[in-house]
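Listing of target04.cif; format and content: mmCIF, C-alpha atoms.
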```cif
data_entry
#
loop_
_atom_site.label_atom_id
_atom_site.label_comp_id
_atom_site.auth_asym_id
_atom_site.auth_seq_id
_atom_site.Cartn_x
_atom_site.Cartn_y
_atom_site.Cartn_z
CA MET A 241 1.27 -11.21 -6.98
CA ALA A 242 -1.96 -10.23 -8.72
CA GLU A 243 -3.38 -13.75 -8.66
CA GLN A 244 -3.39 -13.79 -4.85
CA TRP A 245 -5.30 -10.56 -4.23
CA ASN A 246 -8.72 -11.18 -2.74
CA PRO A 247 -10.85 -8.00 -2.94
CA ALA A 248 -13.35 -9.28 -0.37
CA GLN A 249 -10.57 -10.05 2.14
CA TYR A 250 -8.86 -6.71 1.52
CA GLU A 251 -12.08 -4.73 1.91
CA ARG A 252 -13.06 -6.53 5.10
CA PHE A 253 -11.52 -3.51 6.85
CA LYS A 254 -12.57 -1.03 4.18
CA SER A 255 -13.32 1.95 6.42
CA GLU A 256 -10.10 1.55 8.41
CA ARG A 257 -8.04 1.42 5.23
CA ALA A 258 -9.82 4.46 3.76
CA GLN A 259 -8.91 7.07 6.39
CA PRO A 260 -5.20 7.30 5.41
CA PHE A 261 -6.32 7.89 1.81
CA TYR A 262 -8.34 10.93 2.83
CA ASP A 263 -5.50 12.21 5.02
CA LEU A 264 -3.12 11.89 2.09
CA LEU A 265 -5.55 13.60 -0.26
CA SER A 266 -5.78 16.54 2.15
CA LEU A 267 -2.08 17.25 1.49
CA VAL A 268 -2.61 17.65 -2.26
CA ARG A 269 -2.94 21.19 -3.62
CA PRO A 270 -5.70 21.21 -6.23
CA ALA A 271 -5.11 22.95 -9.55
CA SER A 272 -7.09 23.47 -12.72
CA GLN A 273 -7.30 20.65 -15.29
CA MET A 274 -5.03 18.27 -13.42
CA ARG A 275 -3.78 15.04 -15.00
CA VAL A 276 -3.60 12.43 -12.23
CA VAL A 277 -2.27 8.89 -12.02
CA ASP A 278 -3.14 6.60 -9.11
CA LEU A 279 -0.59 3.80 -8.66
CA GLY A 280 -2.11 0.74 -7.03
CA CYS A 281 -5.71 1.84 -7.48
CA GLY A 282 -7.23 -1.46 -6.29
CA THR A 283 -10.98 -1.59 -6.83
CA GLY A 284 -11.01 2.01 -8.07
CA GLU A 285 -13.54 3.28 -5.53
CA LEU A 286 -11.08 5.64 -3.85
CA THR A 287 -9.62 6.60 -7.24
CA ARG A 288 -13.06 7.92 -8.13
CA GLU A 289 -13.00 9.99 -4.92
CA LEU A 290 -9.58 11.32 -5.90
CA HIS A 291 -10.83 12.26 -9.37
CA LEU A 292 -14.00 13.97 -8.16
CA ARG A 293 -12.52 15.86 -5.22
CA LEU A 294 -9.73 17.29 -7.36
CA GLY A 295 -12.03 18.00 -10.29
CA ALA A 296 -9.31 16.47 -12.42
CA ALA A 297 -9.39 16.62 -16.21
CA GLN A 298 -7.98 13.09 -16.44
CA THR A 299 -7.32 10.38 -13.86
CA VAL A 300 -5.84 6.99 -14.65
CA GLY A 301 -5.84 4.21 -12.08
CA ILE A 302 -3.17 1.53 -12.50
CA ASP A 303 -3.07 -1.83 -10.77
CA SER A 304 -1.46 -5.23 -11.37
CA SER A 305 -4.40 -7.22 -9.99
CA GLN A 306 -7.01 -8.36 -12.47
CA ALA A 307 -9.29 -9.34 -9.57
CA MET A 308 -9.20 -5.82 -8.14
CA LEU A 309 -9.64 -4.15 -11.51
CA GLU A 310 -12.71 -6.23 -12.30
CA LEU A 311 -14.47 -4.14 -9.65
CA SER A 312 -13.13 -0.86 -11.04
CA LYS A 313 -15.43 -1.13 -14.06
CA ALA A 314 -18.27 0.20 -11.89
CA PHE A 315 -16.35 3.44 -11.29
CA SER A 316 -15.17 4.28 -14.82
CA SER A 317 -16.52 7.55 -16.21
CA PRO A 318 -15.51 10.26 -18.70
CA GLY A 319 -12.02 11.32 -17.67
CA LEU A 320 -11.57 8.38 -15.28
CA SER A 321 -10.10 5.11 -16.57
CA PHE A 322 -8.25 2.07 -15.26
CA GLN A 323 -5.38 0.00 -16.64
CA LEU A 324 -3.93 -3.41 -15.82
CA ARG A 325 -0.22 -2.75 -15.58
CA ASP A 326 2.79 -3.03 -13.31
CA ILE A 327 2.74 0.06 -11.09
CA GLY A 328 6.52 0.24 -11.34
CA GLU A 329 6.33 0.90 -15.09
CA LEU A 330 4.93 4.42 -15.08
CA GLU A 331 4.81 6.28 -18.38
CA GLY A 332 4.18 9.93 -19.22
CA ARG A 333 4.24 13.02 -17.03
CA TRP A 334 1.52 13.93 -14.56
CA ASP A 335 0.38 16.88 -12.49
CA LEU A 336 -0.13 14.46 -9.59
CA VAL A 337 1.45 11.07 -9.02
CA PHE A 338 -0.65 9.52 -6.25
CA SER A 339 -0.25 6.19 -4.49
CA ASN A 340 -2.11 4.94 -1.43
CA ALA A 341 -0.62 1.83 0.23
CA ALA A 342 0.96 0.27 -2.85
CA LEU A 343 4.59 1.27 -3.27
CA GLN A 344 5.67 -0.81 -0.26
CA TRP A 345 5.48 -3.80 -2.62
CA LEU A 346 8.23 -2.36 -4.85
CA PRO A 347 11.96 -2.66 -4.07
CA ASP A 348 14.73 -0.06 -4.13
CA HIS A 349 12.88 3.08 -3.09
CA PRO A 350 15.83 5.40 -3.80
CA ALA A 351 15.66 4.39 -7.47
CA LEU A 352 11.85 4.28 -7.46
CA PHE A 353 11.46 7.82 -6.13
CA GLY A 354 13.87 9.06 -8.76
CA GLN A 355 11.49 7.60 -11.36
CA LEU A 356 8.49 9.20 -9.64
CA PHE A 357 10.24 12.58 -9.78
CA GLU A 358 10.72 12.19 -13.52
CA ALA A 359 7.04 11.28 -13.88
CA ALA A 360 5.92 14.53 -12.24
CA ALA A 361 5.33 17.42 -14.61
CA GLU A 362 6.81 20.86 -13.96
CA ARG A 363 5.33 22.00 -10.61
CA GLY A 364 3.79 18.53 -10.42
CA GLN A 365 3.05 16.87 -7.09
CA LEU A 366 3.77 13.50 -5.52
CA ALA A 367 1.53 12.07 -2.77
CA VAL A 368 2.33 8.66 -1.30
CA GLN A 369 1.03 6.69 1.67
CA LEU A 370 3.09 3.75 2.91
CA PRO A 371 2.31 1.29 5.71
CA ALA A 372 5.18 1.41 8.21
CA ASN A 373 4.25 -1.34 10.66
CA GLN A 374 7.12 -3.66 9.77
CA ASP A 375 8.54 -3.53 13.31
CA GLN A 376 5.30 -4.67 14.95
CA PRO A 377 4.31 -8.26 15.91
CA SER A 378 1.83 -8.58 13.02
CA HIS A 379 4.75 -8.26 10.59
CA LEU A 380 7.69 -9.59 12.62
CA VAL A 381 5.98 -12.91 13.29
CA ALA A 382 5.50 -13.51 9.56
CA SER A 383 9.28 -13.23 9.04
CA GLU A 384 9.93 -15.49 12.03
CA VAL A 385 7.62 -18.20 10.69
CA ALA A 386 9.17 -17.86 7.23
CA ALA A 387 12.55 -18.75 8.78
CA GLU A 388 11.20 -22.05 10.18
CA PRO A 389 11.17 -25.38 8.34
CA PRO A 390 9.53 -26.36 6.07
CA PHE A 391 8.70 -22.79 5.06
CA ALA A 392 12.32 -21.62 4.91
CA GLU A 393 13.16 -24.34 2.40
CA ALA A 394 10.15 -23.53 0.24
CA LEU A 395 10.99 -19.83 0.34
CA ILE A 396 14.67 -20.58 -0.34
CA GLY A 397 15.56 -18.73 2.86
CA ARG A 398 14.04 -15.45 1.68
CA PRO A 399 11.44 -14.02 4.08
CA ARG A 400 9.81 -10.86 2.83
CA GLN A 401 12.04 -7.82 3.35
CA SER A 402 10.32 -4.46 3.76
CA SER A 403 11.48 -1.77 1.36
CA VAL A 404 9.92 1.01 3.47
CA LEU A 405 12.47 3.52 4.80
CA ALA A 406 12.53 5.65 7.95
CA PRO A 407 10.69 9.01 7.80
CA GLU A 408 13.92 11.01 7.82
CA ALA A 409 15.29 8.86 4.99
CA TYR A 410 12.30 9.80 2.81
CA ALA A 411 12.80 13.47 3.66
CA ALA A 412 16.40 13.26 2.50
CA LEU A 413 15.43 11.19 -0.54
CA LEU A 414 12.76 13.61 -1.73
CA HIS A 415 15.29 16.43 -1.49
CA ARG A 416 18.02 14.45 -3.21
CA VAL A 417 15.95 13.46 -6.25
CA GLY A 418 15.01 17.11 -6.83
CA PHE A 419 11.66 18.02 -5.23
CA ARG A 420 11.56 21.70 -4.15
CA GLU A 421 8.92 21.30 -1.42
CA GLN A 422 8.05 18.34 0.76
CA GLN A 423 6.21 17.09 3.82
CA VAL A 424 6.80 13.78 5.59
CA HIS A 425 4.34 12.67 8.27
CA LEU A 426 4.40 9.58 10.47
CA LEU A 427 0.87 8.86 11.75
CA VAL A 428 -0.34 6.11 14.06
CA TYR A 429 -3.89 4.95 13.32
CA GLY A 430 -5.69 3.18 16.15
CA HIS A 431 -8.13 0.54 14.95
CA LEU A 432 -10.66 -1.17 17.21
CA LEU A 433 -11.05 -4.79 16.08
CA ASP A 434 -13.48 -7.28 17.56
CA SER A 435 -10.63 -9.39 18.93
CA ARG A 436 -6.91 -10.03 18.50
CA GLU A 437 -7.76 -12.87 16.08
CA GLU A 438 -8.88 -10.21 13.59
CA VAL A 439 -5.27 -9.08 13.19
CA VAL A 440 -4.76 -12.31 11.26
CA GLU A 441 -7.69 -11.44 9.00
CA TRP A 442 -6.20 -7.97 8.46
CA VAL A 443 -2.81 -9.24 7.29
CA LYS A 444 -4.37 -12.04 5.21
CA GLY A 445 -5.56 -9.24 2.94
CA THR A 446 -2.15 -7.59 2.61
CA LEU A 447 1.21 -8.83 3.96
CA LEU A 448 0.43 -12.55 3.86
CA THR A 449 -0.58 -12.42 0.20
CA ASP A 450 3.14 -12.36 -0.60
CA TYR A 451 3.73 -15.61 1.30
CA GLN A 452 0.64 -17.13 -0.28
CA ARG A 453 2.06 -16.34 -3.71
CA ARG A 454 5.50 -17.75 -2.96
CA LEU A 455 4.62 -20.89 -1.02
CA PRO A 456 3.24 -24.09 -2.58
CA PRO A 457 -0.58 -24.09 -2.27
CA GLU A 458 -0.55 -27.10 0.04
CA LEU A 459 1.88 -25.39 2.43
CA PHE A 460 0.24 -22.00 2.91
CA PRO A 461 -2.52 -23.25 5.29
CA SER A 462 0.22 -24.63 7.58
CA PHE A 463 2.06 -21.32 7.37
CA LEU A 464 -1.10 -19.47 8.33
CA SER A 465 -1.78 -21.81 11.24
CA ARG A 466 1.77 -21.42 12.56
CA TYR A 467 1.57 -17.64 12.11
CA ARG A 468 -1.60 -17.53 14.21
CA GLU A 469 -0.05 -19.82 16.84
CA ARG A 470 3.00 -17.58 17.25
CA LEU A 471 1.18 -14.25 16.98
CA MET A 472 -1.61 -14.69 19.53
CA PRO A 473 0.67 -14.80 22.62
CA ARG A 474 2.27 -11.52 21.45
CA LEU A 475 -1.06 -9.67 21.48
CA GLU A 476 -3.17 -8.75 24.49
CA ASP A 477 -6.38 -10.75 24.75
CA GLN A 478 -8.80 -7.81 24.74
CA ARG A 479 -12.28 -7.36 23.31
CA PRO A 480 -12.34 -5.07 21.48
CA PHE A 481 -8.69 -5.25 20.50
CA PHE A 482 -6.81 -1.99 19.94
CA PHE A 483 -4.62 -2.38 16.87
CA PRO A 484 -2.16 0.51 16.32
CA PHE A 485 -0.90 0.84 12.77
CA LYS A 486 1.83 3.23 11.64
CA ARG A 487 1.75 4.87 8.23
CA LEU A 488 3.94 7.36 6.37
CA LEU A 489 2.31 10.16 4.38
CA LEU A 490 4.62 11.86 1.90
CA TRP A 491 3.91 14.93 -0.20
CA ALA A 492 6.30 16.77 -2.50
CA ARG A 493 6.25 19.25 -5.38
CA ARG A 494 8.75 19.75 -8.20
#
```

Would you write out, as structure tokens, the structure that this file holds?
Amino acid sequence: MAEQWNPAQYERFKSERAQPFYDLLSLVRPASQMRVVDLGCGTGELTRELHLRLGAAQTVGIDSSQAMLELSKAFSSPGLSFQLRDIGELEGRWDLVFSNAALQWLPDHPALFGQLFEAAAERGQLAVQLPANQDQPSHLVASEVAAEPPFAEALIGRPRQSSVLAPEAYAALLHRVGFREQQVHLLVYGHLLDSREEVVEWVKGTLLTDYQRRLPPELFPSFLSRYRERLMPRLEDQRPFFFPFKRLLLWARR
């Protein structure tokens, strides 16, 4: 889905998207000369923060979006580099495997977290932040519209299915794959948007990119219009609009 990422659209809510990163980083236990990999590094700006705050010896940011990584060039420095690669194809072993709002795009989390365990060095850490708003109108309406004609036919009857699990399922999963220590937090972030219409702008930078990728170019504007039409009655018409957003913060150590 790299070709559909729009850095300007994604960063329209830059400060709101940054706070979960810092909350996740606060769970990490710094150590000397850490080797860090950031899966789904985006523009690389927060990867630089990760690298500097940990005083890491080496940090590698990985992303599948060429558009995002074009902006990462401004943040490269000795010890900090970026690679265009599928974030599900992680190589090597790392003192910290970090991922902020990226792994929700990958399927089969039980298998994925087994791979992440193998990628963590002895006493290595895992820190992952996952959006968990799939049961809210902003996400449910997208699936409802995807089930309507002509979108259902174009999508071959496959609306996007969230791979994000319940908090207790991640707790059990982290234990099962072999991590000795773990923390699982469910946090609700309250965002004040100018109006309910801005919820559409929010998801245009994330969730709806998947539908944009999978639908014919001439059909996506109709999908977006129908999404807006169905979503607005489900949201209170307030200015500013309070937009609650649930996220999972996971930390574990081998």

**Prompt:** Neighbours of Pro484 in chain A within 12 Å (all atoms listed in the file; same-chain residues fewer than 5 positions away dropped), as number ranges by chain?
**Reply:** A: 256, 371-373, 375-378, 427-433, 436, 439, 475

**Asked** Of the candidates A:Ala314, A:Val417, A:Leu343, A:Leu471, which shows the shortest atom-to-atom distance to Glu358 in chain A, using only C-alpha atoms?
**Response** A:Val417

**Prompt:** With only C-alpha atoms as the basis for distance, which of A:Ala359, A:Leu447, A:Val424, A:Leu320 is at the shortest distance from Leu380 in chain A?
**Reply:**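 Closest residue, counting only C-alpha atoms: A:Leu447.
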
**Request:** Determine, counting only C-alpha atoms, which protein, DNA and RNA residues have an atom within 12 Å of an atom of Leu352 in chain A; residues of the same chain fewer than 3 positions away are not included. Present the result as a PyMOL selection string.
**Result:** chain A and resi 327-330+343-349+355-359+403-404+410+413-414+417

Convert the current residue selection to file output with C-alpha atoms, as a PDB file, in the coordinates of the input.
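Now in part_11.pdb:
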```pdb
ATOM      1  CA  ILE A 327       2.740   0.060 -11.090  1.00  0.00           C
ATOM      2  CA  GLY A 328       6.520   0.240 -11.340  1.00  0.00           C
ATOM      3  CA  GLU A 329       6.330   0.900 -15.090  1.00  0.00           C
ATOM      4  CA  LEU A 330       4.930   4.420 -15.080  1.00  0.00           C
ATOM      5  CA  LEU A 343       4.590   1.270  -3.270  1.00  0.00           C
ATOM      6  CA  GLN A 344       5.670  -0.810  -0.260  1.00  0.00           C
ATOM      7  CA  TRP A 345       5.480  -3.800  -2.620  1.00  0.00           C
ATOM      8  CA  LEU A 346       8.230  -2.360  -4.850  1.00  0.00           C
ATOM      9  CA  PRO A 347      11.960  -2.660  -4.070  1.00  0.00           C
ATOM     10  CA  ASP A 348      14.730  -0.060  -4.130  1.00  0.00           C
ATOM     11  CA  HIS A 349      12.880   3.080  -3.090  1.00  0.00           C
ATOM     12  CA  GLN A 355      11.490   7.600 -11.360  1.00  0.00           C
ATOM     13  CA  LEU A 356       8.490   9.200  -9.640  1.00  0.00           C
ATOM     14  CA  PHE A 357      10.240  12.580  -9.780  1.00  0.00           C
ATOM     15  CA  GLU A 358      10.720  12.190 -13.520  1.00  0.00           C
ATOM     16  CA  ALA A 359       7.040  11.280 -13.880  1.00  0.00           C
ATOM     17  CA  SER A 403      11.480  -1.770   1.360  1.00  0.00           C
ATOM     18  CA  VAL A 404       9.920   1.010   3.470  1.00  0.00           C
ATOM     19  CA  TYR A 410      12.300   9.800   2.810  1.00  0.00           C
ATOM     20  CA  LEU A 413      15.430  11.190  -0.540  1.00  0.00           C
ATOM     21  CA  LEU A 414      12.760  13.610  -1.730  1.00  0.00           C
ATOM     22  CA  VAL A 417      15.950  13.460  -6.250  1.00  0.00           C
TER      23      VAL A 417
END
```

**Asked** Which residue, A:Leu426, A:Ala341, A:Val443, A:Leu455, has the smallest gap to Ala386 in chain A when you use all atoms listed in the file?
**Response**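 The answer is A:Leu455, which sits nearest to Ala386 in chain A.
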
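Between Ala394 in chain A and the residues A:Ala360, A:Arg453, A:Leu448, A:Glu421, the shortest atom-to-atom distance, using only C-alpha atoms, involves A:Arg453.
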
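Nearest-residue note for Leu294 in chain A: choosing from A:Val440, A:Cys281, A:Leu265, A:Ala258, the minimum distance belongs to A:Leu265, counting all atoms listed in the file.
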
**Request:** For each of A:Pro480, A:Gly364, A:Gly418, A:Gly295, take the minimum atom-to-atom distance to Trp334 in chain A, counting only C-alpha atoms, then give the residue where this is smallest.
**Result:**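 Between A:Pro480, A:Gly364, A:Gly418, A:Gly295, the residue approaching Trp334 in chain A most closely is A:Gly364.
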
**Asked** Quick one: which residues end up in the PyMOL selection byres ((chain A and resi 395) around 12) for this structure, as a PyMOL selection string?
**Response** chain A and resi 383+385-394+396-400+450-456+459-460+463
